[in-house]
Amino acid sequence: MPVKKEKPMRWGWHIMVGGGMLGFVLTVGLGSLLPRRWGLPEVTNCPIPIYLQGGAIHTDVIVPRRNAYVDWGERLPLAKIGAQATAYLSFGFGEQHFYMGEPGSLLVRWPDGLRALLWANSSILFVNPIEEIPATAQCIGLTASQYRELVQYIESSFRRNPQGELIPLGRGFQPTGQFFQGQPRYSLLFTCNHWTAAGLDRAGVATPLLPLLSQSILWHSRSACPCPKSLTLEPGHP
């Protein structure tokens with residue numbers, strides 16, 4: 001009987017998928033290690049502390065509620081946020097449906113996460129009162145001009161109605177704080193970590209070329225000015 005010849009295994013699609021995954025990993029890895037800007041000027045006199053709080057996939061920026069340079073009470077409705085007397089404010093950027101949704105494991109919420117990344121969706125800013133800085137937060141120091149640049153960037157991230165007012169969205173499932181409509185739109189090309197990195201970059205702080213990973217932002221920012229020991233407050237300010 002004639003021997004039936006087996007057809008050679010087709011490896012084309014395996015190679016394409018494997019090559020694509022390898023290319024993605026290399027791109028993210030190199031983009032996380034390389035700085036966005038080379039040769040940033042060295043800064044030494046940095047009286048204003050800010051803090052970066054990084055989780056597995058998200059970063060927040062924590063700033064003083066009130067100091068000698070900026071009073072957030074003149075810029076935000078602190079009563080609605082519940083932050084009239086708090087020491088700090090935390091700002092976080094995210095996709096509206098995912099960020100305001102019911103908290104849960106990524107293993108359960110992965111469809112929402114995939115949707116947030118693959119489409120250009122509405123973005124939101126979450127402003128939360130912080131009385132004590134978390135032990136896991138990373139502190140860096142800013143000059144007065146750097147801090148003002150960061151504040152202007154955060155302010156520009158709030159979407160406003162035709163009357164120029166902020167657009168509050170409630171607390172969602174959060175026990176404190178307030179969500180506001182944000183801008184620009186959220187996508188894979190502009191995530192929460194892109195937002196944090198863009199603000200730091202505007203303030204002259206080192207950031208990664210590709211800020212997809214929260215830990216890469218924390219790693220690059222370690223080269224910033226050392227954190228001051230205390231806040232600089234206006235006389236009579238709490």
# chains A, B, ... in the order shown; residues from 1 in each chain; ligands from 1
>>> closest_atom_pairs(of="region 163-185 of chain A", to="region 66-82 of chain A", cutoff="10 Å", atoms="only C-alpha atoms", output="tab-separated table")
residue	atom	partner	partner_atom	distance
A:Glu165	CA	A:Leu76	CA	9.8
A:Leu166	CA	A:Leu76	CA	8.3
A:Pro168	CA	A:Lys80	CA	8.7
A:Gly170	CA	A:Lys80	CA	9.0
A:Arg171	CA	A:Ile81	CA	8.9
A:Thr176	CA	A:Gly82	CA	7.2
A:Gly177	CA	A:Ile81	CA	4.8
A:Gln178	CA	A:Ile81	CA	5.1
A:Phe179	CA	A:Ile81	CA	8.6
>>> residues_around(residues="Gly55 (chain A)", least_positions_apart="3", cutoff="7 Å", atoms="only C-alpha atoms", output="ChimeraX atom specification")
/A:58-59,214
>>> residues_around(residues="Arg65 (chain A)", least_positions_apart="5", cutoff="10 Å", atoms="only C-alpha atoms", output="short mmCIF file (atom, residue, chain, number, x, y, z; two decimals) with all heavy atoms, in the first residue's frame")
data_model
loop_
_atom_site.label_atom_id
_atom_site.label_comp_id
_atom_site.auth_asym_id
_atom_site.auth_seq_id
_atom_site.Cartn_x
_atom_site.Cartn_y
_atom_site.Cartn_z
N VAL A 70 -0.37 77.68 45.84
CA VAL A 70 -1.66 77.37 45.23
C VAL A 70 -2.65 76.98 46.32
O VAL A 70 -2.32 76.18 47.21
CB VAL A 70 -1.53 76.21 44.21
CG1 VAL A 70 -2.91 75.78 43.72
CG2 VAL A 70 -0.66 76.63 43.04
N ASP A 71 -3.85 77.52 46.23
CA ASP A 71 -4.96 77.15 47.10
C ASP A 71 -6.02 76.48 46.22
O ASP A 71 -6.69 77.16 45.42
CB ASP A 71 -5.53 78.38 47.80
CG ASP A 71 -6.67 78.03 48.75
OD1 ASP A 71 -7.06 76.85 48.82
OD2 ASP A 71 -7.18 78.96 49.40
N TRP A 72 -6.16 75.16 46.35
CA TRP A 72 -7.11 74.44 45.51
C TRP A 72 -8.56 74.82 45.82
O TRP A 72 -9.46 74.57 45.03
CB TRP A 72 -6.91 72.94 45.66
CG TRP A 72 -5.75 72.44 44.85
CD1 TRP A 72 -4.51 72.16 45.29
CD2 TRP A 72 -5.74 72.19 43.44
NE1 TRP A 72 -3.70 71.74 44.26
CE2 TRP A 72 -4.44 71.74 43.11
CE3 TRP A 72 -6.69 72.28 42.43
CZ2 TRP A 72 -4.07 71.39 41.80
CZ3 TRP A 72 -6.33 71.93 41.13
CH2 TRP A 72 -5.04 71.50 40.83
N GLY A 73 -8.79 75.44 46.97
CA GLY A 73 -10.12 75.90 47.30
C GLY A 73 -10.60 77.00 46.36
O GLY A 73 -11.81 77.25 46.25
N LEU A 78 -14.43 72.33 46.81
CA LEU A 78 -13.97 71.41 47.85
C LEU A 78 -15.10 70.87 48.71
O LEU A 78 -15.02 69.75 49.23
CB LEU A 78 -12.92 72.10 48.73
CG LEU A 78 -11.60 72.50 48.03
CD1 LEU A 78 -10.61 73.02 49.06
CD2 LEU A 78 -11.01 71.32 47.26
N ALA A 83 -13.48 68.05 50.96
CA ALA A 83 -12.06 68.26 51.21
C ALA A 83 -11.76 69.67 51.72
O ALA A 83 -10.69 70.20 51.49
CB ALA A 83 -11.28 68.02 49.91
N GLN A 84 -12.72 70.26 52.46
CA GLN A 84 -12.52 71.63 52.93
C GLN A 84 -11.34 71.75 53.89
O GLN A 84 -10.69 72.79 53.93
CB GLN A 84 -13.77 72.17 53.62
CG GLN A 84 -15.03 72.16 52.75
CD GLN A 84 -15.88 70.93 52.98
OE1 GLN A 84 -15.37 69.81 53.00
NE2 GLN A 84 -17.17 71.13 53.20
N ALA A 85 -11.08 70.73 54.68
CA ALA A 85 -10.05 70.82 55.71
C ALA A 85 -8.99 69.74 55.60
O ALA A 85 -8.15 69.61 56.48
CB ALA A 85 -10.70 70.76 57.09
N THR A 86 -9.01 68.97 54.53
CA THR A 86 -8.03 67.90 54.39
C THR A 86 -6.66 68.46 54.06
O THR A 86 -6.52 69.58 53.56
CB THR A 86 -8.48 66.91 53.29
OG1 THR A 86 -7.65 65.76 53.33
CG2 THR A 86 -8.35 67.56 51.92
N ALA A 87 -5.62 67.70 54.33
CA ALA A 87 -4.26 68.17 54.09
C ALA A 87 -3.85 68.05 52.62
O ALA A 87 -3.10 68.88 52.11
CB ALA A 87 -3.28 67.40 54.97
N TYR A 88 -4.34 67.01 51.94
CA TYR A 88 -3.91 66.75 50.57
C TYR A 88 -5.10 66.40 49.68
O TYR A 88 -6.17 66.02 50.16
CB TYR A 88 -2.92 65.58 50.52
CG TYR A 88 -1.72 65.74 51.44
CD1 TYR A 88 -1.74 65.22 52.74
CD2 TYR A 88 -0.57 66.39 51.01
CE1 TYR A 88 -0.65 65.37 53.58
CE2 TYR A 88 0.52 66.53 51.84
CZ TYR A 88 0.48 66.03 53.12
OH TYR A 88 1.56 66.17 53.96
N LEU A 89 -4.86 66.50 48.38
CA LEU A 89 -5.81 66.06 47.37
C LEU A 89 -5.13 65.08 46.44
O LEU A 89 -3.99 65.30 46.00
CB LEU A 89 -6.35 67.25 46.56
CG LEU A 89 -7.20 68.27 47.29
CD1 LEU A 89 -7.49 69.45 46.37
CD2 LEU A 89 -8.50 67.64 47.77
N SER A 90 -5.83 64.00 46.14
CA SER A 90 -5.33 62.99 45.20
C SER A 90 -6.09 63.13 43.89
O SER A 90 -7.32 63.22 43.87
CB SER A 90 -5.52 61.59 45.79
OG SER A 90 -5.23 60.61 44.81
N PRO A 129 -10.02 63.46 48.90
CA PRO A 129 -9.30 64.06 50.03
C PRO A 129 -8.40 63.03 50.71
O PRO A 129 -8.80 61.89 50.95
CB PRO A 129 -10.44 64.51 50.96
CG PRO A 129 -11.59 63.62 50.62
CD PRO A 129 -11.47 63.31 49.17
N ILE A 130 -7.19 63.45 51.03
CA ILE A 130 -6.21 62.58 51.68
C ILE A 130 -5.71 63.29 52.93
O ILE A 130 -5.16 64.39 52.85
CB ILE A 130 -5.02 62.26 50.75
CG1 ILE A 130 -5.49 61.59 49.46
CG2 ILE A 130 -3.99 61.40 51.48
CD1 ILE A 130 -6.00 60.18 49.64
N GLU A 131 -5.90 62.70 54.07
CA GLU A 131 -5.44 63.32 55.31
C GLU A 131 -4.00 62.93 55.62
O GLU A 131 -3.21 63.76 56.08
CB GLU A 131 -6.35 62.91 56.48
CG GLU A 131 -6.12 63.73 57.73
CD GLU A 131 -6.27 65.23 57.49
OE1 GLU A 131 -7.23 65.64 56.81
OE2 GLU A 131 -5.40 65.98 57.97
N PRO A 238 -4.06 76.34 57.36
CA PRO A 238 -4.01 75.09 58.10
C PRO A 238 -3.12 74.09 57.37
O PRO A 238 -2.91 74.21 56.19
CB PRO A 238 -5.48 74.64 58.11
CG PRO A 238 -6.08 75.29 56.90
CD PRO A 238 -5.38 76.60 56.75
#
>>> select_by_dssp(residues="region 52-222 of chain A", states="helix (DSSP H, G or I)", output="PyMOL selection string")
chain A and resi 72-74+78-81+96-99+106-118+144-156+192-202+214-221
>>> residues_around(residues="region 193-206 of chain A", least_positions_apart="6", cutoff="10 Å", atoms="only C-alpha atoms", output="ChimeraX atom specification")
/A:35-43,52,54,57-61,91-94,140-154,157,183-184,186-187,212-225
>>> write_last_selection(atoms="C-alpha atoms", output="short mmCIF file (atom, residue, chain, number, x, y, z; two decimals), in the first residue's frame")
data_model
loop_
_atom_site.label_atom_id
_atom_site.label_comp_id
_atom_site.auth_asym_id
_atom_site.auth_seq_id
_atom_site.Cartn_x
_atom_site.Cartn_y
_atom_site.Cartn_z
CA PRO A 35 13.55 58.54 29.18
CA ARG A 36 11.13 60.79 27.34
CA ARG A 37 13.58 63.68 27.51
CA TRP A 38 17.34 63.48 27.82
CA GLY A 39 19.44 65.94 29.78
CA LEU A 40 16.86 67.58 32.00
CA PRO A 41 18.43 70.43 34.00
CA GLU A 42 19.36 69.57 37.57
CA VAL A 43 17.09 71.17 40.16
CA LEU A 52 2.98 59.53 43.38
CA GLY A 54 1.25 53.66 42.05
CA ILE A 57 -2.00 49.38 36.67
CA HIS A 58 -2.82 52.89 37.92
CA THR A 59 -1.10 56.00 39.24
CA ASP A 60 -2.41 58.96 41.25
CA VAL A 61 -0.84 62.35 41.89
CA PHE A 91 -5.95 63.24 41.44
CA GLY A 92 -6.45 60.20 39.21
CA PHE A 93 -7.40 59.91 35.52
CA GLY A 94 -9.38 57.04 34.04
CA ILE A 140 9.44 64.13 44.95
CA GLY A 141 10.19 67.82 45.32
CA LEU A 142 9.17 70.58 42.92
CA THR A 143 10.15 74.21 42.53
CA ALA A 144 7.43 76.86 42.57
CA SER A 145 7.45 77.15 38.77
CA GLN A 146 7.34 73.36 38.34
CA TYR A 147 4.41 73.08 40.73
CA ARG A 148 2.46 75.79 38.91
CA GLU A 149 3.00 73.96 35.63
CA LEU A 150 1.66 70.76 37.18
CA VAL A 151 -1.35 72.58 38.64
CA GLN A 152 -2.16 74.16 35.27
CA TYR A 153 -1.93 70.74 33.64
CA ILE A 154 -4.30 69.17 36.18
CA SER A 157 -7.67 68.01 32.35
CA GLN A 183 -10.32 65.34 28.89
CA PRO A 184 -8.85 64.16 26.54
CA TYR A 186 -9.26 57.68 27.28
CA SER A 187 -7.69 55.03 25.05
CA LEU A 212 2.22 52.15 29.98
CA LEU A 213 3.48 50.73 33.28
CA SER A 214 2.98 52.53 36.57
CA GLN A 215 6.27 51.23 37.97
CA SER A 216 8.24 52.76 35.10
CA ILE A 217 6.88 56.21 36.03
CA LEU A 218 7.89 55.72 39.67
CA TRP A 219 11.34 54.49 38.63
CA HIS A 220 12.12 57.46 36.38
CA SER A 221 10.77 60.02 38.84
CA ARG A 222 13.32 58.90 41.46
CA SER A 223 15.87 61.09 39.66
CA ALA A 224 13.80 64.21 40.49
CA CYS A 225 14.65 66.73 43.19
#
>>> decode(residues="region 46-58 of chain A", atoms="N, CA, C and O atoms", output="compact mmCIF listing (two decimals), in the first residue's frame")
# COMPACT_ATOMS: atom_id res chain seq x y z
N CYS A 46 13.85 72.73 45.95
CA CYS A 46 12.50 72.22 45.66
C CYS A 46 11.67 72.19 46.93
O CYS A 46 11.60 71.16 47.62
N PRO A 47 11.01 73.29 47.28
CA PRO A 47 10.31 73.36 48.56
C PRO A 47 8.94 72.69 48.61
O PRO A 47 8.35 72.60 49.68
N ILE A 48 8.43 72.24 47.45
CA ILE A 48 7.05 71.74 47.42
C ILE A 48 7.05 70.22 47.21
O ILE A 48 7.50 69.74 46.16
N PRO A 49 6.53 69.47 48.16
CA PRO A 49 6.46 68.02 47.98
C PRO A 49 5.17 67.62 47.27
O PRO A 49 4.09 68.13 47.57
N ILE A 50 5.29 66.72 46.31
CA ILE A 50 4.13 66.04 45.74
C ILE A 50 4.40 64.54 45.85
O ILE A 50 5.54 64.13 46.08
N TYR A 51 3.36 63.75 45.68
CA TYR A 51 3.50 62.31 45.90
C TYR A 51 2.87 61.54 44.74
O TYR A 51 1.85 61.95 44.18
N LEU A 52 3.50 60.43 44.40
CA LEU A 52 2.98 59.53 43.38
C LEU A 52 2.59 58.23 44.05
O LEU A 52 3.40 57.61 44.75
N GLN A 53 1.35 57.85 43.85
CA GLN A 53 0.84 56.59 44.40
C GLN A 53 0.60 55.65 43.24
O GLN A 53 -0.26 55.91 42.39
N GLY A 54 1.36 54.57 43.16
CA GLY A 54 1.25 53.66 42.05
C GLY A 54 0.77 52.29 42.48
O GLY A 54 1.29 51.71 43.43
N GLY A 55 -0.24 51.77 41.77
CA GLY A 55 -0.71 50.40 41.99
C GLY A 55 -0.21 49.51 40.87
O GLY A 55 0.77 49.81 40.19
N ALA A 56 -0.91 48.41 40.65
CA ALA A 56 -0.49 47.48 39.60
C ALA A 56 -0.65 48.09 38.22
O ALA A 56 0.20 47.90 37.34
N ILE A 57 -1.73 48.85 38.01
CA ILE A 57 -2.00 49.38 36.67
C ILE A 57 -2.36 50.86 36.67
O ILE A 57 -2.67 51.42 35.62
N HIS A 58 -2.30 51.52 37.82
CA HIS A 58 -2.82 52.89 37.92
C HIS A 58 -1.90 53.76 38.77
O HIS A 58 -1.24 53.27 39.69
